[in-house]
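A.B. asks: Next comes structure20.pdb, PDB, C-alpha atoms, pLDDT in the B column:
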ATOM      1  CA  MET X   1      -2.121  -1.923 -35.027  1.00 56.00           C
ATOM      2  CA  ARG X   2       1.126  -0.659 -36.485  1.00 63.00           C
ATOM      3  CA  SER X   3       3.350   1.735 -34.538  1.00 61.00           C
ATOM      4  CA  GLU X   4       2.846   4.453 -37.182  1.00 62.00           C
ATOM      5  CA  ASP X   5      -0.923   4.242 -36.626  1.00 62.00           C
ATOM      6  CA  ARG X   6      -0.433   4.536 -32.872  1.00 58.00           C
ATOM      7  CA  MET X   7       1.772   7.586 -33.404  1.00 56.00           C
ATOM      8  CA  ARG X   8      -0.889   9.225 -35.585  1.00 60.00           C
ATOM      9  CA  MET X   9      -3.537   8.616 -32.903  1.00 59.00           C
ATOM     10  CA  TRP X  10      -1.566  10.765 -30.449  1.00 53.00           C
ATOM     11  CA  THR X  11      -0.772  13.712 -32.733  1.00 60.00           C
ATOM     12  CA  TRP X  12      -3.044  15.999 -30.716  1.00 58.00           C
ATOM     13  CA  TRP X  13      -0.575  15.769 -27.812  1.00 59.00           C
ATOM     14  CA  PRO X  14       2.795  17.392 -28.672  1.00 65.00           C
ATOM     15  CA  GLY X  15       4.946  15.142 -26.447  1.00 67.00           C
ATOM     16  CA  ALA X  16       3.223  11.880 -27.361  1.00 65.00           C
ATOM     17  CA  ALA X  17       5.778  10.816 -29.962  1.00 68.00           C
ATOM     18  CA  ASP X  18       8.603  11.246 -27.473  1.00 70.00           C
ATOM     19  CA  LEU X  19       6.682   9.376 -24.781  1.00 67.00           C
ATOM     20  CA  LEU X  20       5.851   6.474 -27.076  1.00 66.00           C
ATOM     21  CA  SER X  21       9.433   6.151 -28.287  1.00 69.00           C
ATOM     22  CA  TRP X  22      10.629   6.215 -24.667  1.00 64.00           C
ATOM     23  CA  LEU X  23       8.142   3.502 -23.732  1.00 65.00           C
ATOM     24  CA  ARG X  24       9.367   1.325 -26.599  1.00 65.00           C
ATOM     25  CA  ARG X  25      12.982   1.688 -25.395  1.00 65.00           C
ATOM     26  CA  ARG X  26      12.162   0.588 -21.820  1.00 57.00           C
ATOM     27  CA  ASP X  27      13.830  -2.790 -22.219  1.00 56.00           C
ATOM     28  CA  ASP X  28      16.537  -1.775 -19.747  1.00 56.00           C
ATOM     29  CA  ARG X  29      16.304  -3.954 -16.650  1.00 60.00           C
ATOM     30  CA  GLY X  30      18.460  -1.671 -14.542  1.00 65.00           C
ATOM     31  CA  ASP X  31      22.081  -1.551 -13.635  1.00 70.00           C
ATOM     32  CA  VAL X  32      22.194  -2.687 -10.015  1.00 74.00           C
ATOM     33  CA  PRO X  33      25.989  -3.130  -9.805  1.00 80.00           C
ATOM     34  CA  GLY X  34      26.416   0.358 -11.228  1.00 81.00           C
ATOM     35  CA  TRP X  35      24.074   1.910  -8.681  1.00 84.00           C
ATOM     36  CA  VAL X  36      25.772   0.017  -5.857  1.00 88.00           C
ATOM     37  CA  LEU X  37      29.130   1.345  -7.027  1.00 89.00           C
ATOM     38  CA  VAL X  38      27.803   4.918  -7.221  1.00 90.00           C
ATOM     39  CA  THR X  39      26.301   4.621  -3.731  1.00 92.00           C
ATOM     40  CA  LEU X  40      29.495   3.220  -2.215  1.00 94.00           C
ATOM     41  CA  MET X  41      31.658   5.854  -3.903  1.00 95.00           C
ATOM     42  CA  THR X  42      29.367   8.633  -2.675  1.00 95.00           C
ATOM     43  CA  ALA X  43      29.503   7.279   0.872  1.00 95.00           C
ATOM     44  CA  GLY X  44      33.298   7.089   0.633  1.00 95.00           C
ATOM     45  CA  ILE X  45      33.575  10.683  -0.553  1.00 96.00           C
ATOM     46  CA  VAL X  46      31.295  11.899   2.233  1.00 95.00           C
ATOM     47  CA  MET X  47      33.309   9.997   4.840  1.00 95.00           C
ATOM     48  CA  ALA X  48      36.612  11.352   3.510  1.00 95.00           C
ATOM     49  CA  LEU X  49      35.308  14.924   3.516  1.00 95.00           C
ATOM     50  CA  TRP X  50      33.856  14.467   7.008  1.00 94.00           C
ATOM     51  CA  ILE X  51      37.205  13.222   8.363  1.00 95.00           C
ATOM     52  CA  VAL X  52      38.984  16.253   6.904  1.00 95.00           C
ATOM     53  CA  ALA X  53      36.352  18.862   7.815  1.00 96.00           C
ATOM     54  CA  GLU X  54      35.153  17.606  11.230  1.00 95.00           C
ATOM     55  CA  PRO X  55      37.738  19.403  13.415  1.00 94.00           C
ATOM     56  CA  LYS X  56      37.163  22.708  11.620  1.00 95.00           C
ATOM     57  CA  LEU X  57      33.386  22.345  11.763  1.00 93.00           C
ATOM     58  CA  ALA X  58      33.514  21.495  15.482  1.00 94.00           C
ATOM     59  CA  SER X  59      35.622  24.552  16.279  1.00 94.00           C
ATOM     60  CA  LEU X  60      33.385  26.734  14.081  1.00 93.00           C
ATOM     61  CA  LEU X  61      30.268  25.526  15.897  1.00 92.00           C
ATOM     62  CA  GLY X  62      31.913  25.938  19.302  1.00 90.00           C
ATOM     63  CA  SER X  63      32.997  29.509  18.603  1.00 91.00           C
ATOM     64  CA  ALA X  64      29.569  30.398  17.223  1.00 89.00           C
ATOM     65  CA  LEU X  65      27.897  29.041  20.357  1.00 87.00           C
ATOM     66  CA  ASP X  66      30.370  30.950  22.568  1.00 87.00           C
ATOM     67  CA  VAL X  67      29.580  34.198  20.763  1.00 87.00           C
ATOM     68  CA  ALA X  68      25.832  33.605  20.910  1.00 83.00           C
ATOM     69  CA  GLY X  69      25.924  32.859  24.615  1.00 79.00           C
ATOM     70  CA  ASP X  70      23.448  30.949  26.710  1.00 72.00           C
ATOM     71  CA  PRO X  71      19.863  31.540  25.530  1.00 73.00           C
ATOM     72  CA  ASN X  72      18.610  31.104  29.118  1.00 74.00           C
ATOM     73  CA  GLY X  73      20.859  33.868  30.424  1.00 65.00           C
ATOM     74  CA  LYS X  74      22.729  31.652  32.909  1.00 60.00           C
TER      75      LYS X  74
END
Please, can you express the file's structure as structure tokens?
C.D. replies:
Amino acid sequence: MRSEDRMRMWTWWPGAADLLSWLRRRDDRGDVPGWVLVTLMTAGIVMALWIVAEPKLASLLGSALDVAGDPNGK
């Protein structure tokens, strides 16, 4: 069966042509080194931001807990 015939079979479904063309292009086996690089860079950014923001966040949390007081009333 030719690909044009397969496309005509699915004309009742509006997105079928897009789906079939996507399925034909699925020869990508993945980019593992790329994903590893993205993951490591994201972890590095999070760590750098945490190092910079941790003292401010700790003082913000401490002052908020001081204002709120002890929930048990002690």
A.B. asks: Enter the distance from CA of Ala48 (chain X) to CA of Leu65 (chain X), in Å, rounded to one decimal.
C.D. replies: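 CA of Leu65 (chain X) lies 25.9 Å from CA of Ala48 (chain X).
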A.B. asks: Go ahead and compute the interatomic distance for CA of Met47 (chain X) and CA of Trp35 (chain X), in Å to one decimal.
C.D. replies: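 Going from CA of Met47 (chain X) over to CA of Trp35 (chain X), I get 18.3 Å.
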A.B. asks: As an exercise, work out the distance from CA of Glu54 (chain X) to CA of Thr42 (chain X) in Å and give it to one decimal place.
C.D. replies: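 Computing the Euclidean distance for CA of Glu54 (chain X) and CA of Thr42 (chain X) yields 17.5 Å.
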A.B. asks: Taking N, CA and C atoms as the atom set, what does region 28-63 of chain X look like once completed, written as a tab-separated table (two decimals), in the frame of the given file?
C.D. replies:
chain	number	residue	atom	x	y	z
X	28	ASP	N	15.44	-1.78	-20.71
X	28	ASP	CA	16.54	-1.78	-19.75
X	28	ASP	C	16.04	-2.33	-18.43
X	29	ARG	N	16.72	-3.33	-17.91
X	29	ARG	CA	16.30	-3.95	-16.65
X	29	ARG	C	16.98	-3.33	-15.45
X	30	GLY	N	17.78	-2.32	-15.66
X	30	GLY	CA	18.46	-1.67	-14.54
X	30	GLY	C	19.91	-2.10	-14.46
X	31	ASP	N	20.66	-1.30	-13.78
X	31	ASP	CA	22.08	-1.55	-13.64
X	31	ASP	C	22.41	-1.55	-12.15
X	32	VAL	N	22.02	-2.62	-11.47
X	32	VAL	CA	22.19	-2.69	-10.02
X	32	VAL	C	23.66	-2.57	-9.60
X	33	PRO	N	24.59	-3.29	-10.21
X	33	PRO	CA	25.99	-3.13	-9.80
X	33	PRO	C	26.49	-1.70	-9.98
X	34	GLY	N	26.03	-1.03	-11.02
X	34	GLY	CA	26.42	0.36	-11.23
X	34	GLY	C	25.90	1.26	-10.13
X	35	TRP	N	24.64	1.07	-9.74
X	35	TRP	CA	24.07	1.91	-8.68
X	35	TRP	C	24.72	1.62	-7.33
X	36	VAL	N	25.08	0.36	-7.10
X	36	VAL	CA	25.77	0.02	-5.86
X	36	VAL	C	27.13	0.70	-5.83
X	37	LEU	N	27.83	0.69	-6.95
X	37	LEU	CA	29.13	1.34	-7.03
X	37	LEU	C	29.01	2.85	-6.79
X	38	VAL	N	28.01	3.48	-7.41
X	38	VAL	CA	27.80	4.92	-7.22
X	38	VAL	C	27.50	5.21	-5.76
X	39	THR	N	26.66	4.40	-5.13
X	39	THR	CA	26.30	4.62	-3.73
X	39	THR	C	27.52	4.47	-2.82
X	40	LEU	N	28.31	3.43	-3.05
X	40	LEU	CA	29.50	3.22	-2.22
X	40	LEU	C	30.53	4.33	-2.41
X	41	MET	N	30.70	4.78	-3.65
X	41	MET	CA	31.66	5.85	-3.90
X	41	MET	C	31.19	7.16	-3.26
X	42	THR	N	29.90	7.43	-3.31
X	42	THR	CA	29.37	8.63	-2.68
X	42	THR	C	29.57	8.58	-1.17
X	43	ALA	N	29.29	7.42	-0.57
X	43	ALA	CA	29.50	7.28	0.87
X	43	ALA	C	30.98	7.45	1.22
X	44	GLY	N	31.87	6.93	0.40
X	44	GLY	CA	33.30	7.09	0.63
X	44	GLY	C	33.75	8.53	0.55
X	45	ILE	N	33.23	9.26	-0.42
X	45	ILE	CA	33.58	10.68	-0.55
X	45	ILE	C	33.08	11.47	0.64
X	46	VAL	N	31.85	11.20	1.07
X	46	VAL	CA	31.30	11.90	2.23
X	46	VAL	C	32.12	11.61	3.48
X	47	MET	N	32.51	10.35	3.67
X	47	MET	CA	33.31	10.00	4.84
X	47	MET	C	34.67	10.67	4.80
X	48	ALA	N	35.30	10.71	3.63
X	48	ALA	CA	36.61	11.35	3.51
X	48	ALA	C	36.51	12.85	3.79
X	49	LEU	N	35.49	13.49	3.25
X	49	LEU	CA	35.31	14.92	3.52
X	49	LEU	C	34.99	15.18	4.99
X	50	TRP	N	34.20	14.30	5.60
X	50	TRP	CA	33.86	14.47	7.01
X	50	TRP	C	35.10	14.35	7.89
X	51	ILE	N	35.98	13.39	7.58
X	51	ILE	CA	37.20	13.22	8.36
X	51	ILE	C	38.07	14.47	8.28
X	52	VAL	N	38.15	15.06	7.10
X	52	VAL	CA	38.98	16.25	6.90
X	52	VAL	C	38.33	17.48	7.54
X	53	ALA	N	37.03	17.63	7.40
X	53	ALA	CA	36.35	18.86	7.82
X	53	ALA	C	35.84	18.85	9.25
X	54	GLU	N	35.77	17.70	9.90
X	54	GLU	CA	35.15	17.61	11.23
X	54	GLU	C	35.83	18.49	12.28
X	55	PRO	N	37.15	18.53	12.39
X	55	PRO	CA	37.74	19.40	13.42
X	55	PRO	C	37.42	20.88	13.18
X	56	LYS	N	37.46	21.30	11.93
X	56	LYS	CA	37.16	22.71	11.62
X	56	LYS	C	35.69	23.02	11.89
X	57	LEU	N	34.81	22.12	11.52
X	57	LEU	CA	33.39	22.34	11.76
X	57	LEU	C	33.08	22.37	13.26
X	58	ALA	N	33.74	21.52	14.04
X	58	ALA	CA	33.51	21.50	15.48
X	58	ALA	C	33.98	22.81	16.12
X	59	SER	N	35.14	23.29	15.70
X	59	SER	CA	35.62	24.55	16.28
X	59	SER	C	34.76	25.72	15.82
X	60	LEU	N	34.27	25.67	14.58
X	60	LEU	CA	33.38	26.73	14.08
X	60	LEU	C	32.08	26.76	14.87
X	61	LEU	N	31.51	25.60	15.12
X	61	LEU	CA	30.27	25.53	15.90
X	61	LEU	C	30.50	25.98	17.34
X	62	GLY	N	31.61	25.55	17.92
X	62	GLY	CA	31.91	25.94	19.30
X	62	GLY	C	32.09	27.43	19.45
X	63	SER	N	32.81	28.05	18.51
X	63	SER	CA	33.00	29.51	18.60
X	63	SER	C	31.70	30.25	18.35
